[in-house]
Amino acid sequence: MTITDAVGRIQQIQSTLTLLAAPAARAAAGSASTTPAGTATTGTSAGSPTAAPGATADLFAEALAGVADAGLAPSTPVAAPVAAPSPTPVPLPLPASGDAARLIEAARSYEGIPYVWGGTDPASGLDCSGFVQRAYADIGIQLPRVTWDQMNAGVHVPSLAQAQPGDLLFSHDGGHVSMYLGGGKAIDAPQPGQTVAVRDMWETDANITTIRRILPEAPAGSASMVPAAVTPPAATGPADEAYAAQAAFLASMAR
């Protein structure tokens with residue numbers, strides 16, 4: 001139905017309601033009396049209430065609303081609710097080793113744990129050193145409890161330019177520790193009232209006390225892939241001779 005048709009339909013409804021309301025309005029005018037205070041009251045006929053002034057407008061408003069609900073009159077379109085976007089995962093660079101990938105996965109499993117000074121239990125809260133101690137313990141590496149001992153573990157990294165994901169960043173003269181994730185990101189248990197979270201790095205070479213690398217340079221266990229006691233088999237042909245030479249080389253490297 002067009003807007004013109006809808007307006008015509010509304011006018012028809014208005015005329016009908018006016019005709020229906022006219023007798024009631026006349027009855028109300030005839031039975032109204034004046035109170036001592038000078039205010040008008042509405043009379044009744046045969047015990048039934050009569051239509052009060054303004055009833056026609058009310059009826060018309062109701063009819064108009066009904067027409068709009070039925071789609072006969074144009075109405076303002078209601079925008080569909082927009083679902084809240086899902087949190088976007090923080091993009092991080094790919095760790096250089098499997099150990100670093102396992103460590104970062106362990107560290108991020110504690111996101112949302114509240115900071116609690118002296119905390120070492122995720123059920124109640126973690127402080128900065130308790131957090132990194134816990135993350136490293138999850139991949140089988142034991143660290144001292146407090147930052148001033150942790151900052152002597154592993155090997156020293158001269159600058160952020162040489163840092164790798166999983167390295168520990170100590171600041172405030174060793175009073176705080178965070179874990180470097182690469183790409184300008186770090187994760188830590190920051191301070192009371194906050195939680196373990198990935199964040200943009202505020203650490204720089206100027207305010208870092210020391211950077212420590214705890215993870216081994218090579219993937220764990222790589223040196224034991226070929227046992228030192230393996231004796232290469234006797235060569236019986238060109239292919240066996242090549243295999244024997246390779247095995248001897250690997251054995252010597254393992255030692």
# chains A, B, ... in the order shown; residues from 1 in each chain; ligands from 1
>>> select_by_dssp(residues="segment 93-207 of chain A", states="strand (DSSP E or B)", output="list in words")
Pro114, Tyr115, Thr120, Asp121, Gly125, Leu126, Val155, His156, Val157, Leu168, Leu169, Phe170, Ser171, His176, Val177, Ser178, Met179, Tyr180, Leu181, Gly182, Lys185, Ala186, Ile187, Asp188, Thr195, Ala197, Val198, Arg199 and Asp200 of chain A
>>> residues_around(residues="Asn207 of chain A", least_positions_apart="3", cutoff="12 Å", atoms="only C-alpha atoms", output="number ranges by chain")
A: 159-160, 169-176, 201-204, 210-211
>>> write_last_selection(atoms="N, CA and C atoms", output="mmCIF file, in the first residue's frame")
data_model
loop_
_atom_site.group_PDB
_atom_site.id
_atom_site.type_symbol
_atom_site.label_atom_id
_atom_site.label_comp_id
_atom_site.auth_asym_id
_atom_site.auth_seq_id
_atom_site.Cartn_x
_atom_site.Cartn_y
_atom_site.Cartn_z
ATOM 1 N N SER A 159 70.716 -7.001 24.079
ATOM 2 C CA SER A 159 69.762 -5.939 23.741
ATOM 3 C C SER A 159 68.465 -6.549 23.231
ATOM 4 N N LEU A 160 67.433 -5.690 23.159
ATOM 5 C CA LEU A 160 66.146 -6.143 22.637
ATOM 6 C C LEU A 160 66.239 -6.575 21.177
ATOM 7 N N LEU A 169 62.364 -10.261 30.499
ATOM 8 C CA LEU A 169 62.759 -8.859 30.558
ATOM 9 C C LEU A 169 62.625 -8.372 31.998
ATOM 10 N N PHE A 170 63.748 -7.995 32.605
ATOM 11 C CA PHE A 170 63.741 -7.515 33.989
ATOM 12 C C PHE A 170 63.904 -5.996 33.982
ATOM 13 N N SER A 171 63.062 -5.325 34.748
ATOM 14 C CA SER A 171 63.088 -3.867 34.824
ATOM 15 C C SER A 171 62.973 -3.433 36.283
ATOM 16 N N HIS A 172 63.020 -2.118 36.501
ATOM 17 C CA HIS A 172 62.935 -1.552 37.861
ATOM 18 C C HIS A 172 63.995 -2.184 38.771
ATOM 19 N N ASP A 173 65.229 -2.262 38.262
ATOM 20 C CA ASP A 173 66.350 -2.828 39.018
ATOM 21 C C ASP A 173 66.067 -4.258 39.488
ATOM 22 N N GLY A 174 65.323 -4.988 38.677
ATOM 23 C CA GLY A 174 65.010 -6.373 39.021
ATOM 24 C C GLY A 174 63.716 -6.526 39.794
ATOM 25 N N GLY A 175 62.982 -5.443 39.957
ATOM 26 C CA GLY A 175 61.741 -5.522 40.719
ATOM 27 C C GLY A 175 60.563 -6.063 39.923
ATOM 28 N N HIS A 176 60.705 -6.134 38.607
ATOM 29 C CA HIS A 176 59.598 -6.637 37.778
ATOM 30 C C HIS A 176 60.162 -7.478 36.639
ATOM 31 N N MET A 201 54.654 -3.507 24.467
ATOM 32 C CA MET A 201 55.836 -3.349 25.308
ATOM 33 C C MET A 201 56.076 -1.889 25.660
ATOM 34 N N TRP A 202 56.334 -1.631 26.923
ATOM 35 C CA TRP A 202 56.849 -0.334 27.332
ATOM 36 C C TRP A 202 58.347 -0.440 27.642
ATOM 37 N N GLU A 203 58.859 -1.661 27.682
ATOM 38 C CA GLU A 203 60.272 -1.872 27.956
ATOM 39 C C GLU A 203 61.134 -1.423 26.770
ATOM 40 N N THR A 204 62.245 -0.806 27.086
ATOM 41 C CA THR A 204 63.245 -0.417 26.086
ATOM 42 C C THR A 204 64.617 -0.783 26.649
ATOM 43 N N THR A 210 68.064 -6.169 32.746
ATOM 44 C CA THR A 210 68.743 -7.243 32.043
ATOM 45 C C THR A 210 67.728 -8.078 31.285
ATOM 46 N N ILE A 211 68.193 -8.736 30.235
ATOM 47 C CA ILE A 211 67.385 -9.696 29.479
ATOM 48 C C ILE A 211 68.036 -11.055 29.657
#
>>> closest_residue(among="A:Ile187, A:Ala100, A:Val177, A:Ala123", to="Ile141 of chain A", atoms="only C-alpha atoms")
A:Ala100
>>> residues_around(residues="Tyr136 of chain A", least_positions_apart="6", cutoff="10 Å", atoms="only C-alpha atoms", output="ChimeraX atom specification")
/A:102-104,106-107,142-143,166,214-215
>>> atom_distance(atom1="atom CA of Ser124 of chain A", atom2="atom CA of Asp149 of chain A")
23.3 Å
>>> atom_distance(atom1="atom CA of Gly193 of chain A", atom2="atom CA of Arg212 of chain A")
27.2 Å
